[in-house]
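Data block below; observations after.
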Amino acid sequence: MTMRLITHFLTIGLLATASLPAVSASPTPRSLDRSVLPIQAPKRPVYTELDIRNVKTPSHFEVKAPAGAPNVVIVLIDDLGFGATSTFGGPIATPTLDKLAQNGLRYNNFHTTALCSPTRAALKSGRNHHTVNMGFITEMATGMPGNTGQIPDATAPLAEMLRLNGYNTAAFGKWHETAVWETGISGPYDRWPTRQGFDKFYGFIGGETNQWAPYLFDGVTQVELPSDPNYHFMTDMTDKAVAWVKYQKALSPEKPFFVYFAPGATHAPHHAPKAWIDKWKGKFDQGWDAMRQATYERQLKTGVITAGTQLAPKPAAIRDWDRLSADEKRLYARQMEVFAAYLDYTDHEIGRMLKAVDSTGQADNTLVFYIAGDNGASAEGGEHGMFSEMTYFNGVQEKVADMLKVMDKWGGPETYPHFASGWAVAMDTPFAWTKQVAADFGGTRNGLVVHWPKGIKAKNEQRTQFSHVIDVAPTILQAAGLPEPRVVNGTPQIPMEGTSMVYSFDDAKARERHATQYFEIAGNRALYHDGWLARTIHRAAWEREVRRPLKDDVWELYDVRTDFSLSTDLAAKNPKKLAEMQALFMREAAKYHVLPIDDRLFERTLAEAVGRPDPMGKRTSLTLAEGMTGMMENVFINVKNKSKTLTAVIEVPQDGANGTILAQGGRFGGWSLYVKDGIPAYDYNFLGLQRSSIAASRKLAPGKNTIRFDFAYDGGGMGKGGLGTLYVNDEKVGEGRIEHTQAAIFSADETADVGIDLGTPVVESIGAEARSRFTGRIPEVIVQVK
């Protein structure tokens, strides 16, 4: 078509358009009923006119956010104590957090639930963690209301409310809010991020991931990792967030966004690039006692803690640094160097993400919540720390002498480390306890910085009002000019249980409005009410058994108006007040589905023991084939603590076969049936500490072969050994003992895969990802358990 003809048609079109009836204006956002979501479109008109030229075009219906509604960014760091960051007096430089605080507000009386999944579900819903069925982590959900791990439709998340009110929404990093039996390909996907209000999700579904080799999803699609030897997830997720923010604003600059940015840091494994680790070399040789004292003094000097605050006595289980051996000091100092590097690096990447927001020209109208921890620092590393965190979940104590051998590799791809519990207590200064201990502010009080130049006049100020993670969602709704909806997606809603913090933004002396709050995690429990705290410590993070039955727990009482660190127990002096607080705790616990209290721990990993759904049910076999990959542990048949048989039908090419047939787990625990240079074998990797291999002595013939591996479990308890026997076409070709097996868990994020070993390798010589791909065909693999 010639240019003249195109111009002719365009001219005719413009003239015709000019003669058409005008298009009516869109309804203003104020005319919308936002109490029921999604907002209903106007009734569709019915026409009787034959000719379109005689009809006025109806107005276009579009839901828009209220005029001036801010962009929203929530940054949530993992397992970071109150006394870790420089912003709150800690030893680790966090310049991004510092800068936000200097131009915003620092909250020193903000609280979480003391554990990962509960805090995240409470944060994004504005309801208490038992209200949203997240009484513990998803992997340890039970059949009891309040603890099922399934977020109810009646507690719609903030992201869905914002999305249905005209926001674009994206989540990056850690999720840990999907019921574990719903993480497989058969779903359902209702509690995955993209069905919980987020247009975009890039991250990992579980509670932790290997930062060097993560198991990731983009939406619900598994991500293939690059072959970059310098890859690290922290940089990757930041790259994806930066790109999304810029892209969203390029296309729709007037449309506000909500970004939930939740790094895996500083949860174990503590993984950081070597250059960042080197920055901290020698910075912690003074030990945890001296560091804790120095942090406490900085907090007093800068006013992070109130004048007269005492440094709470550390738990008796934490040894004095000056009584440690030289080897212990050397190892523990290295652990802290890596942790500090991990946080330093993470804060830097958060700064890079926020620079992307700034580049859009909308930083002034972006409401940022930087929450320095979803709970206190983790003491799950125990007395000595761990080369592989999976040892903790399997009840194995690592030895200092063994960890010293890999000390130079600490934080790199060949480790999956955690620091010693002494550092966790120091990171939670001025408090005594740590993550999991919901009865102490060391487990529940986390630093918060709020930054919103357009909406907050105050700068570089501190707020001391009691607040809780459930207050964030109602704060954001109020800041955006949005009502809390009564109905979302057809389901009447349980009202939010948090209190908006907007009242405190420009009034440092405003009377606190969140007057009562319960805390409970696995029997550790407390109640805050009008400046008082009653609590009982039921079990420390490093203790594998509870201290006493629930009914015999010893309660303490604190006046937190004058005792910031919970250092002076007033229970004996004021038994009447304690009794009042205990009675109020029971009323709140009943109201919010906390009762009955479940203080079981590792027993909760066993679905059948606690009434948690198991996709495998009572099945004793599972038939698989090539292409079936990414099966997380809770959707795969349980082969632990029992005998098993693996039967694989494979087709070997003329030039031989190589690669993984079926593997579960990875470098830090798992097993693999594989072929190496034509020779079939089975390896068991016990926590990355001990490896057993049973192999044939000759190569497989080309064509169809049936490989069978039988494991006869010794019995007599959990984690025992057994005898393994390898067969090829019913001929015995190998046999050997496997002395130890993993009792509870192979990995938090490594998967079971047919024809490839995703993530890290079970068998180093076979490798992982593309390198481990089987070169033949695998029509069938049957896993049987006895």
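Residue names in the structure tokens use chain letters A, B, ... in the order shown, residue numbers from 1 in each chain, and ligand numbers from 1 in the order shown.
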- as a list in words, which residues of region 214-342 of chain A does DSSP assign to strand (DSSP E or B)?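 Everything in region 214-342 of chain A that counts as strand (DSSP E or B) is Phe217, Asp218, Thr221, Gln222, Phe257, Phe258, Val259, Tyr260, Phe261 and Ala262 of chain A.
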- Message: Taking only region 106-335 of chain A into account, list the residues labelled helix (DSSP H, G or I) by DSSP (computed from the backbone), as a PyMOL selection string.
- Response: chain A and resi 116-125+138-140+158-163+180-182+193-195+233-251+274-278+288-302+321-323+326-335
- Item | Length of the CA of Ala420 (chain A) to CA of Lys283 (chain A) vector [Å] |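 Computing it gives 16.4 Å between the two atoms.
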- Task: Would you mind telling me which residue in A:Leu354, A:Ala372, A:Val396, A:Leu404 lies nearest to Lys329 (chain A) when using only C-alpha atoms?
- Result: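 Of the candidates, the smallest distance to Lys329 (chain A) is held by A:Leu404.
Near Asn641 (chain A), within a cut-off of 12 Å and counting only C-alpha atoms, sit the residues A:Asn394, A:Leu606, A:Asn638, A:Lys644, A:Phe711, A:Ala712, A:Tyr713, A:Asp714, A:Gly715, A:Gly716, A:Gly717, A:Met718, A:Gly719, A:Lys720, A:Gly721, A:Gly722, A:His740, A:Thr741, A:Gln742, A:Ala743, A:Ala744, A:Ile745, A:Val785, A:Lys786, with same-chain residues fewer than 3 positions away left out.
The list of residues with at least one atom within 7 Å of region 245-257 of chain A, based on only C-alpha atoms and without residues fewer than 3 positions apart in the same chain, reads Ala69, Pro70, Asn71, Val72, Tyr167, Asn168, Thr169, Ala241, Val242, Ala356, Val357 and Thr360 of chain A.
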- Message: With only C-alpha atoms as the counted atoms, please give the residues lying no more than 8 Å from Leu687 (chain A), apart from itself and same-chain residues fewer than 3 positions off, as a list of chain:residue names.
- Response: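 After dropping sequence-adjacent residues, the list is A:Ser388, A:Met390, A:Thr391, A:Arg667, A:Phe668, A:Gly669, A:Gly670, A:Gln690, A:Gln742, A:Phe746.
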- Work out how far apart CA of Trp212 (chain A) and CA of Tyr231 (chain A) are and give it in Å to one decimal. 6.2 Å
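Residue nearest Thr295 (chain A), chosen from A:Arg334, A:Ala377, A:Met427, A:Val733 and counting only C-alpha atoms: A:Met427.
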- Within 10 Å of Ile756 (chain A), counting only C-alpha atoms, which residues show up once you throw out same-chain ones fewer than 5 positions away? Write them as a PyMOL selection string, please. chain A and resi 626-630+659-663+674+761+766-775
- Item | Selected residue, from A:Thr142, A:Ser567, A:Gln784, A:Asn128, that lies nearest to Thr155 (chain A) when counting only C-alpha atoms | A:Asn128
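Closest approach to Lys591 (chain A) from the set A:Arg319, A:Arg619, A:His418, A:His130 is made by A:His130, with distances taken over only C-alpha atoms.
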- Leaving out Leu726 (chain A) and any residue of its chain fewer than 5 positions from it, which residues lie within 6 Å of it when counting only C-alpha atoms, given as a PyMOL selection string? chain A and resi 708-709+732-734
- Distance CA of Gln196 (chain A)-CA of Pro157 (chain A), one decimal place?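 Distance reported for this atom pair: 6.5 Å.
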